[in-house]
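S.K.: Quick one: structure below, then a few questions.
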Amino acid sequence: MPALILTGCPCVGKTMLANLLAKKAREDEKKYKISQVVIINEEISCPNNANCSTSKYHQYYCNSQVEKSTRSALKAEFDRRSAAGTLIILDSLNYIKGFRYELYCISKASGDKHGVVWVQAGDVAKQEQITHNSLPLSSTDQEIIQSLKYRFEPPDDRNRWEKPLYLVDMSSPLLEQKAHEILDSFLLQVKALRVGISTQKPLPAASNVLHEVDTITQRISEIILTEAQKTTFAAGTNIKIPLGRNINSTSKNDIIICINKNSVHLSEMRRLRRQYMQWITHHPPDDHTELGITKNFCSYVETNLRY
């Protein structure tokens with residue numbers, strides 16, 4: 001779901017630009033490889049708050065509680081509409097930097113494109129024209145709008161969650177050309193976001209792999225505890241971990257592990273095995289062979305068994 005986040009002060013023409021972008025995108029769906037275009041705004045996200053007798057700003061931004069509810073509804077609708085091949089245009093104020101970051105995280109979790117469009121009125125006359133084309137604004141509405149303008153946090157393309165950043169001057173006579181340029185750049189040139197490790201859904205390990213890991217880690221723990229009971233054992237002792245079930249066998253693939261601790265107790269090894277098994281359940285090793293699992297667990301033990 002490639003997503004364009006529109007942001008800007010109230011009454012600068014964001015809805016006008018959103019409709020223009022949607023129109024141009026629908027005309028060239030094959031070129032942009034999209035199946036549909038969805039515009040998300042306050043009216044769609046918060047239908048229960050709709051009231052034809054008052055302005056949009058009074059309905060959705062009259063106080064802090066209503067603002068919070070509006071942002072939550074917008075984010076939920078943005079997340080729900082996520083689908084492959086759907087261009088999402090979020091037509092809202094999106095005036096808080098932290099809220100734009102939350103939207104970026106949703107796009108990153110889905111591994112798709114994300115961009116920000118900063119809409120500006122250009123001149124006072126144009127802004128006044130856009131304002132007067134809407135419902136008449138009461139003194140309360142004007143106070144709300146002024147408050148939103150003061151609290152608007154401009155986007156910055158130095159922030160990774162606000163790249164790419166497109167600036168649009170609504171007073172420009174080349175507005176349609178600018179819309180084409182944005183769509184061409186965003187849908188044809190911008191790369192999709194990579195899903196981070198922290199947001200990537202883990203794949204559970206197969207049961208046979210877990211059984212193999214349990215068997216190997218148990219054998220390694222027994223070897224380490226046996227060596228730790230010897231009188232010659234001290235910090236810095238190298239312990240040979242042979243492959244296979246025969247502890248006395250020797251192979252060129254045997255692994256040497258260095259224990260930087262004066263003593264190793266049964267409770268410590270049990271704790272390490274338990275922690276390792278919990279971690280390995282959602283992070284299966286790339287190498288499922290005995291050698292790969294042995295190396296992985298030995299490295300884990302060597303890192304955690306220190307002074």
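Residues are referred to by chain and number: the chain letter is A, B, ... according to the order shown in the structure tokens, the number counts from 1 in that chain, and ligands are numbered separately from 1 in the order shown.
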Env of range 10-20 of chain A: 7 Å cut, atoms = only C-alpha atoms, seq-sep filter 3 positions within chain, self excluded. Answer as a PDB file with N, CA and C atoms, in the first residue's frame.
M.R.:
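Once written, part-v4.pdb looks like this:
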ATOM      1  N   LEU A   6      -0.632  13.762   3.418  1.00  0.00           N
ATOM      2  CA  LEU A   6      -0.747  15.207   3.218  1.00  0.00           C
ATOM      3  C   LEU A   6      -0.700  15.907   4.570  1.00  0.00           C
ATOM      4  N   LYS A  23      -7.398  11.666  -8.830  1.00  0.00           N
ATOM      5  CA  LYS A  23      -7.873  11.682 -10.217  1.00  0.00           C
ATOM      6  C   LYS A  23      -6.753  11.298 -11.188  1.00  0.00           C
ATOM      7  N   LYS A  24      -5.582  11.900 -11.007  1.00  0.00           N
ATOM      8  CA  LYS A  24      -4.458  11.606 -11.901  1.00  0.00           C
ATOM      9  C   LYS A  24      -3.981  10.163 -11.744  1.00  0.00           C
ATOM     10  N   ILE A  89      -4.168   7.965   0.149  1.00  0.00           N
ATOM     11  CA  ILE A  89      -3.903   9.396   0.302  1.00  0.00           C
ATOM     12  C   ILE A  89      -4.578   9.833   1.593  1.00  0.00           C
ATOM     13  N   ASP A  91      -5.758  12.537   3.691  1.00  0.00           N
ATOM     14  CA  ASP A  91      -6.110  13.953   3.585  1.00  0.00           C
ATOM     15  C   ASP A  91      -6.532  14.453   4.961  1.00  0.00           C
ATOM     16  N   LEU A  93      -4.897  17.082   8.585  1.00  0.00           N
ATOM     17  CA  LEU A  93      -3.882  18.054   9.011  1.00  0.00           C
ATOM     18  C   LEU A  93      -2.535  17.382   9.224  1.00  0.00           C
ATOM     19  N   VAL A 119       1.581  20.755   1.990  1.00  0.00           N
ATOM     20  CA  VAL A 119       0.737  21.646   1.201  1.00  0.00           C
ATOM     21  C   VAL A 119       0.805  23.047   1.791  1.00  0.00           C
ATOM     22  N   GLN A 120       1.121  24.024   0.944  1.00  0.00           N
ATOM     23  CA  GLN A 120       1.220  25.418   1.378  1.00  0.00           C
ATOM     24  C   GLN A 120       0.325  26.287   0.501  1.00  0.00           C
ATOM     25  N   ALA A 121      -0.252  27.343   1.117  1.00  0.00           N
ATOM     26  CA  ALA A 121      -1.192  28.198   0.388  1.00  0.00           C
ATOM     27  C   ALA A 121      -0.496  29.101  -0.617  1.00  0.00           C
ATOM     28  N   GLN A 127      -5.283  31.675   0.095  1.00  0.00           N
ATOM     29  CA  GLN A 127      -5.789  31.040   1.309  1.00  0.00           C
ATOM     30  C   GLN A 127      -7.168  31.588   1.674  1.00  0.00           C
ATOM     31  N   ILE A 130      -9.764  29.899  -0.589  1.00  0.00           N
ATOM     32  CA  ILE A 130     -10.065  28.533  -0.183  1.00  0.00           C
ATOM     33  C   ILE A 130     -10.942  28.530   1.053  1.00  0.00           C
ATOM     34  N   THR A 131     -10.651  29.429   1.980  1.00  0.00           N
ATOM     35  CA  THR A 131     -11.420  29.488   3.223  1.00  0.00           C
ATOM     36  C   THR A 131     -12.872  29.876   2.949  1.00  0.00           C
ATOM     37  N   ILE A 145      -8.864  27.276  14.290  1.00  0.00           N
ATOM     38  CA  ILE A 145      -7.924  27.270  13.163  1.00  0.00           C
ATOM     39  C   ILE A 145      -6.620  27.959  13.540  1.00  0.00           C
ATOM     40  N   LYS A 149      -2.868  26.286  13.657  1.00  0.00           N
ATOM     41  CA  LYS A 149      -1.737  26.864  12.919  1.00  0.00           C
ATOM     42  C   LYS A 149      -0.531  27.055  13.825  1.00  0.00           C
ATOM     43  N   MET A 170      -0.107  25.779  -3.539  1.00  0.00           N
ATOM     44  CA  MET A 170      -1.440  25.724  -4.120  1.00  0.00           C
ATOM     45  C   MET A 170      -1.766  26.956  -4.971  1.00  0.00           C
TER      46      MET A 170
END
S.K.: Tyr32 in chain A: which residues within 10 Å, counting only C-alpha atoms, same-chain residues fewer than 2 positions away excluded, as a PyMOL selection string?
M.R.: chain A and resi 25-30+34-35+85+87+183-184+186-188
S.K.: Keeping only N, CA and C atoms, write the selected residues as a PDB file, in the first residue's frame.
M.R.:
ATOM      1  N   ALA A  25      -4.007   9.642 -10.515  1.00  0.00           N
ATOM      2  CA  ALA A  25      -3.571   8.273 -10.290  1.00  0.00           C
ATOM      3  C   ALA A  25      -4.537   7.272 -10.928  1.00  0.00           C
ATOM      4  N   ARG A  26      -5.843   7.550 -10.850  1.00  0.00           N
ATOM      5  CA  ARG A  26      -6.830   6.646 -11.448  1.00  0.00           C
ATOM      6  C   ARG A  26      -6.738   6.646 -12.971  1.00  0.00           C
ATOM      7  N   GLU A  27      -6.332   7.768 -13.549  1.00  0.00           N
ATOM      8  CA  GLU A  27      -6.203   7.844 -15.012  1.00  0.00           C
ATOM      9  C   GLU A  27      -5.068   6.979 -15.526  1.00  0.00           C
ATOM     10  N   ASP A  28      -4.043   6.744 -14.700  1.00  0.00           N
ATOM     11  CA  ASP A  28      -2.872   5.955 -15.125  1.00  0.00           C
ATOM     12  C   ASP A  28      -2.619   4.796 -14.159  1.00  0.00           C
ATOM     13  N   GLU A  29      -3.654   4.027 -13.853  1.00  0.00           N
ATOM     14  CA  GLU A  29      -3.500   2.918 -12.904  1.00  0.00           C
ATOM     15  C   GLU A  29      -2.527   1.865 -13.422  1.00  0.00           C
ATOM     16  N   LYS A  30      -2.574   1.576 -14.729  1.00  0.00           N
ATOM     17  CA  LYS A  30      -1.664   0.570 -15.286  1.00  0.00           C
ATOM     18  C   LYS A  30      -0.214   1.051 -15.227  1.00  0.00           C
ATOM     19  N   ILE A  34      -1.256   0.182  -9.805  1.00  0.00           N
ATOM     20  CA  ILE A  34      -2.131   0.211  -8.636  1.00  0.00           C
ATOM     21  C   ILE A  34      -3.524  -0.238  -9.071  1.00  0.00           C
ATOM     22  N   SER A  35      -4.242  -0.822  -8.139  1.00  0.00           N
ATOM     23  CA  SER A  35      -5.582  -1.331  -8.448  1.00  0.00           C
ATOM     24  C   SER A  35      -6.675  -0.362  -8.026  1.00  0.00           C
ATOM     25  N   GLY A  85      -1.334  -2.988  -3.739  1.00  0.00           N
ATOM     26  CA  GLY A  85      -1.866  -2.347  -4.939  1.00  0.00           C
ATOM     27  C   GLY A  85      -2.794  -1.183  -4.688  1.00  0.00           C
ATOM     28  N   LEU A  87      -3.289   2.664  -3.479  1.00  0.00           N
ATOM     29  CA  LEU A  87      -2.651   3.939  -3.165  1.00  0.00           C
ATOM     30  C   LEU A  87      -3.516   4.652  -2.131  1.00  0.00           C
ATOM     31  N   LEU A 183       3.377  11.971  -8.417  1.00  0.00           N
ATOM     32  CA  LEU A 183       2.997  10.575  -8.638  1.00  0.00           C
ATOM     33  C   LEU A 183       4.088   9.810  -9.376  1.00  0.00           C
ATOM     34  N   ASP A 184       4.692  10.428 -10.380  1.00  0.00           N
ATOM     35  CA  ASP A 184       5.771   9.761 -11.122  1.00  0.00           C
ATOM     36  C   ASP A 184       6.955   9.480 -10.206  1.00  0.00           C
ATOM     37  N   PHE A 186       7.014   9.373  -6.826  1.00  0.00           N
ATOM     38  CA  PHE A 186       6.699   8.511  -5.678  1.00  0.00           C
ATOM     39  C   PHE A 186       6.424   7.075  -6.093  1.00  0.00           C
ATOM     40  N   LEU A 187       5.607   6.875  -7.115  1.00  0.00           N
ATOM     41  CA  LEU A 187       5.179   5.523  -7.478  1.00  0.00           C
ATOM     42  C   LEU A 187       6.152   4.797  -8.396  1.00  0.00           C
ATOM     43  N   LEU A 188       6.995   5.546  -9.117  1.00  0.00           N
ATOM     44  CA  LEU A 188       7.895   4.908 -10.077  1.00  0.00           C
ATOM     45  C   LEU A 188       9.359   4.898  -9.642  1.00  0.00           C
TER      46      LEU A 188
END
S.K.: Any idea what's packed within 9 Å of Ile5 in chain A, counting only C-alpha atoms, ignoring anything in its chain fewer than 2 positions away? Could you give it as a list of chain:residue names?
M.R.: A:Ala3, A:Thr7, A:Ile88, A:Ile89, A:Leu90, A:Asp91, A:Ser92, A:Asn94, A:Arg100, A:Leu103, A:His114, A:Gly115, A:Val116, A:Val117, A:Trp118
S.K.: Just C-alpha atoms for this one: save the residues we selected as a tab-separated table (two decimals), in the first residue's frame.
M.R.:
chain	number	residue	atom	x	y	z
A	3	ALA	CA	0.84	5.93	1.09
A	7	THR	CA	0.15	17.76	5.85
A	88	ILE	CA	-3.66	5.60	0.10
A	89	ILE	CA	-3.90	9.40	0.30
A	90	LEU	CA	-4.32	10.61	3.88
A	91	ASP	CA	-6.11	13.95	3.59
A	92	SER	CA	-5.84	15.45	7.05
A	94	ASN	CA	-1.31	15.52	10.26
A	100	ARG	CA	3.45	11.27	11.22
A	103	LEU	CA	1.99	6.45	10.25
A	114	HIS	CA	5.67	6.10	2.16
A	115	GLY	CA	5.87	9.80	1.33
A	116	VAL	CA	4.86	13.18	2.79
A	117	VAL	CA	3.30	16.07	0.86
A	118	TRP	CA	3.56	19.48	2.54
S.K.: Could you check which of A:Ser221, A:Thr70, A:Ser64, A:Ser107 is closest to Asn41 in chain A, using only C-alpha atoms?
M.R.: A:Thr70
S.K.: Give me every alpha helix (DSSP H) residue in range 6-180 of chain A, going by DSSP on the backbone, as an MDAnalysis selection string.
M.R.: chainID A and resid 14:27 29:32 42:45 56:61 64:80 97:110 124:133 139:150 175:180
S.K.: Among range 30-67 of chain A, which residues does DSSP mark as strand (DSSP E) when it is run on the backbone? Keep the chain and numbering as in the structure and answer as JSON, numbers by chain.
M.R.: {"A": [36, 37, 38, 39, 40]}
S.K.: If you count only C-alpha atoms, which residues fall within 12 Å of range 260-262 of chain A, apart from same-chain ones fewer than 6 positions away, as a VMD selection string?
M.R.: chain A and resid 224 227 to 239 268 301 to 307
S.K.: Those selected residues, please, written with N, CA and C atoms and delivered as a short mmCIF file (atom, residue, chain, number, x, y, z; two decimals), in the first residue's frame.
M.R.:
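The result, stored in again_38.cif:
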data_model
loop_
_atom_site.label_atom_id
_atom_site.label_comp_id
_atom_site.auth_asym_id
_atom_site.auth_seq_id
_atom_site.Cartn_x
_atom_site.Cartn_y
_atom_site.Cartn_z
N ILE A 224 30.45 -29.17 29.73
CA ILE A 224 30.99 -28.00 30.44
C ILE A 224 30.97 -28.23 31.95
N GLU A 227 33.77 -30.68 33.01
CA GLU A 227 35.10 -30.05 33.01
C GLU A 227 35.22 -29.06 34.17
N ALA A 228 34.12 -28.39 34.52
CA ALA A 228 34.17 -27.39 35.59
C ALA A 228 34.40 -28.02 36.96
N GLN A 229 34.10 -29.30 37.11
CA GLN A 229 34.28 -29.99 38.40
C GLN A 229 35.72 -30.44 38.63
N LYS A 230 36.55 -30.38 37.62
CA LYS A 230 37.94 -30.80 37.75
C LYS A 230 38.73 -29.76 38.54
N THR A 231 39.72 -30.24 39.26
CA THR A 231 40.53 -29.34 40.11
C THR A 231 41.39 -28.40 39.29
N THR A 232 41.67 -28.77 38.07
CA THR A 232 42.52 -27.93 37.22
C THR A 232 41.73 -26.82 36.51
N PHE A 233 40.41 -26.80 36.71
CA PHE A 233 39.59 -25.82 36.00
C PHE A 233 39.80 -24.43 36.60
N ALA A 234 39.94 -23.42 35.75
CA ALA A 234 40.10 -22.02 36.17
C ALA A 234 39.64 -21.12 35.04
N ALA A 235 39.55 -19.83 35.35
CA ALA A 235 39.14 -18.88 34.32
C ALA A 235 40.10 -18.90 33.14
N GLY A 236 39.58 -18.93 31.95
CA GLY A 236 40.40 -18.99 30.75
C GLY A 236 40.64 -20.40 30.26
N THR A 237 40.02 -21.39 30.90
CA THR A 237 40.19 -22.78 30.48
C THR A 237 39.47 -23.02 29.15
N ASN A 238 40.15 -23.72 28.26
CA ASN A 238 39.55 -24.09 26.99
C ASN A 238 38.92 -25.48 27.11
N ILE A 239 37.70 -25.59 26.68
CA ILE A 239 36.97 -26.86 26.74
C ILE A 239 36.65 -27.30 25.32
N GLU A 268 23.41 -22.20 36.67
CA GLU A 268 23.75 -21.26 35.60
C GLU A 268 23.50 -21.87 34.22
N VAL A 301 27.01 -19.32 25.12
CA VAL A 301 27.53 -19.66 26.45
C VAL A 301 28.80 -18.86 26.73
N GLU A 302 29.68 -18.79 25.76
CA GLU A 302 30.95 -18.11 25.94
C GLU A 302 30.74 -16.62 26.21
N THR A 303 29.71 -16.03 25.61
CA THR A 303 29.41 -14.62 25.82
C THR A 303 28.82 -14.36 27.21
N ASN A 304 28.01 -15.30 27.70
CA ASN A 304 27.28 -15.07 28.95
C ASN A 304 28.01 -15.58 30.18
N LEU A 305 28.91 -16.56 30.03
CA LEU A 305 29.66 -17.07 31.19
C LEU A 305 30.94 -16.26 31.36
N ARG A 306 30.83 -15.18 32.08
CA ARG A 306 31.98 -14.32 32.36
C ARG A 306 32.02 -14.02 33.84
N TYR A 307 33.05 -13.26 34.24
CA TYR A 307 33.19 -12.94 35.67
C TYR A 307 31.91 -12.31 36.17
#
S.K.: Go through A:Lys56, A:Lys33, A:Arg151, A:Arg194 one by one, measure the shortest atom-to-atom distance of each to Tyr104 in chain A using only C-alpha atoms, and give the residue with the smallest value.
M.R.: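 Distance minimum relative to Tyr104 in chain A lands on A:Arg194.
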S.K.: Which residues, written as JSON, numbers by chain, have at least one atom at most 9 Å from Glu290 in chain A, with only C-alpha atoms counted and residues fewer than 2 positions away on the same chain left out?
M.R.: {"A": [212, 213, 216, 243, 244, 287, 288, 292, 293, 294, 295]}
S.K.: Please produce a file of those selected residues containing N, CA, C and O atoms, as a PDB file, in the first residue's frame.
M.R.:
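Written output follows (result_36.pdb):
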ATOM      1  N   GLU A 212      16.199 -31.124  18.186  1.00  0.00           N
ATOM      2  CA  GLU A 212      17.638 -31.242  17.932  1.00  0.00           C
ATOM      3  C   GLU A 212      18.425 -30.241  18.775  1.00  0.00           C
ATOM      4  O   GLU A 212      19.480 -30.571  19.340  1.00  0.00           O
ATOM      5  N   VAL A 213      17.917 -29.015  18.877  1.00  0.00           N
ATOM      6  CA  VAL A 213      18.579 -27.995  19.690  1.00  0.00           C
ATOM      7  C   VAL A 213      18.600 -28.410  21.153  1.00  0.00           C
ATOM      8  O   VAL A 213      19.617 -28.261  21.845  1.00  0.00           O
ATOM      9  N   ILE A 216      21.266 -31.200  21.663  1.00  0.00           N
ATOM     10  CA  ILE A 216      22.653 -30.740  21.533  1.00  0.00           C
ATOM     11  C   ILE A 216      23.044 -29.853  22.720  1.00  0.00           C
ATOM     12  O   ILE A 216      24.143 -29.983  23.272  1.00  0.00           O
ATOM     13  N   LEU A 243      31.822 -33.103  18.294  1.00  0.00           N
ATOM     14  CA  LEU A 243      30.557 -33.323  17.608  1.00  0.00           C
ATOM     15  C   LEU A 243      30.165 -34.784  17.737  1.00  0.00           C
ATOM     16  O   LEU A 243      31.014 -35.667  17.841  1.00  0.00           O
ATOM     17  N   GLY A 244      28.874 -35.045  17.740  1.00  0.00           N
ATOM     18  CA  GLY A 244      28.410 -36.424  17.884  1.00  0.00           C
ATOM     19  C   GLY A 244      28.181 -36.762  19.339  1.00  0.00           C
ATOM     20  O   GLY A 244      28.489 -35.999  20.257  1.00  0.00           O
ATOM     21  N   ASP A 287      21.657 -22.241  10.112  1.00  0.00           N
ATOM     22  CA  ASP A 287      22.287 -23.545   9.907  1.00  0.00           C
ATOM     23  C   ASP A 287      21.675 -24.546  10.889  1.00  0.00           C
ATOM     24  O   ASP A 287      21.921 -24.493  12.091  1.00  0.00           O
ATOM     25  N   HIS A 288      20.859 -25.475  10.393  1.00  0.00           N
ATOM     26  CA  HIS A 288      20.173 -26.434  11.250  1.00  0.00           C
ATOM     27  C   HIS A 288      21.000 -27.691  11.506  1.00  0.00           C
ATOM     28  O   HIS A 288      20.523 -28.606  12.178  1.00  0.00           O
ATOM     29  N   GLY A 292      26.244 -26.301  13.048  1.00  0.00           N
ATOM     30  CA  GLY A 292      25.719 -24.953  13.153  1.00  0.00           C
ATOM     31  C   GLY A 292      25.086 -24.661  14.506  1.00  0.00           C
ATOM     32  O   GLY A 292      25.324 -23.620  15.106  1.00  0.00           O
ATOM     33  N   ILE A 293      24.290 -25.611  15.022  1.00  0.00           N
ATOM     34  CA  ILE A 293      23.654 -25.427  16.321  1.00  0.00           C
ATOM     35  C   ILE A 293      24.692 -25.409  17.433  1.00  0.00           C
ATOM     36  O   ILE A 293      24.614 -24.604  18.371  1.00  0.00           O
ATOM     37  N   THR A 294      25.695 -26.286  17.337  1.00  0.00           N
ATOM     38  CA  THR A 294      26.745 -26.340  18.353  1.00  0.00           C
ATOM     39  C   THR A 294      27.524 -25.032  18.411  1.00  0.00           C
ATOM     40  O   THR A 294      27.784 -24.485  19.488  1.00  0.00           O
ATOM     41  N   LYS A 295      27.897 -24.515  17.254  1.00  0.00           N
ATOM     42  CA  LYS A 295      28.622 -23.240  17.212  1.00  0.00           C
ATOM     43  C   LYS A 295      27.778 -22.109  17.796  1.00  0.00           C
ATOM     44  O   LYS A 295      28.286 -21.272  18.560  1.00  0.00           O
TER      45      LYS A 295
END
S.K.: Could you check how far CA of Tyr276 in chain A sits from CA of Asp254 in chain A, in Å to one decimal?
M.R.: 21.1 Å
S.K.: Considering only C-alpha atoms, can you say which of A:Ser110, A:Thr217, A:Val168, A:Ile223 comes closest to His180 in chain A?
M.R.: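 Of A:Ser110, A:Thr217, A:Val168, A:Ile223, the one nearest His180 in chain A is A:Val168, counting only C-alpha atoms.
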S.K.: If you measure from CA of Glu153 in chain A to CA of Phe99 in chain A, what distance in Å do you get, rounded to one decimal?
M.R.: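 Spanning CA of Glu153 in chain A to CA of Phe99 in chain A is a straight-line distance of 10.5 Å.
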S.K.: Please identify all polymer residues within 7 Å of Leu74 in chain A, counting only C-alpha atoms, omitting same-chain residues fewer than 4 positions from it, and present them as a PyMOL selection string.
M.R.: chain A and resi 42+45+70+78
S.K.: Hey, can you check how far CA of Arg270 in chain A sits from CA of His211 in chain A?
M.R.: 16.4 Å
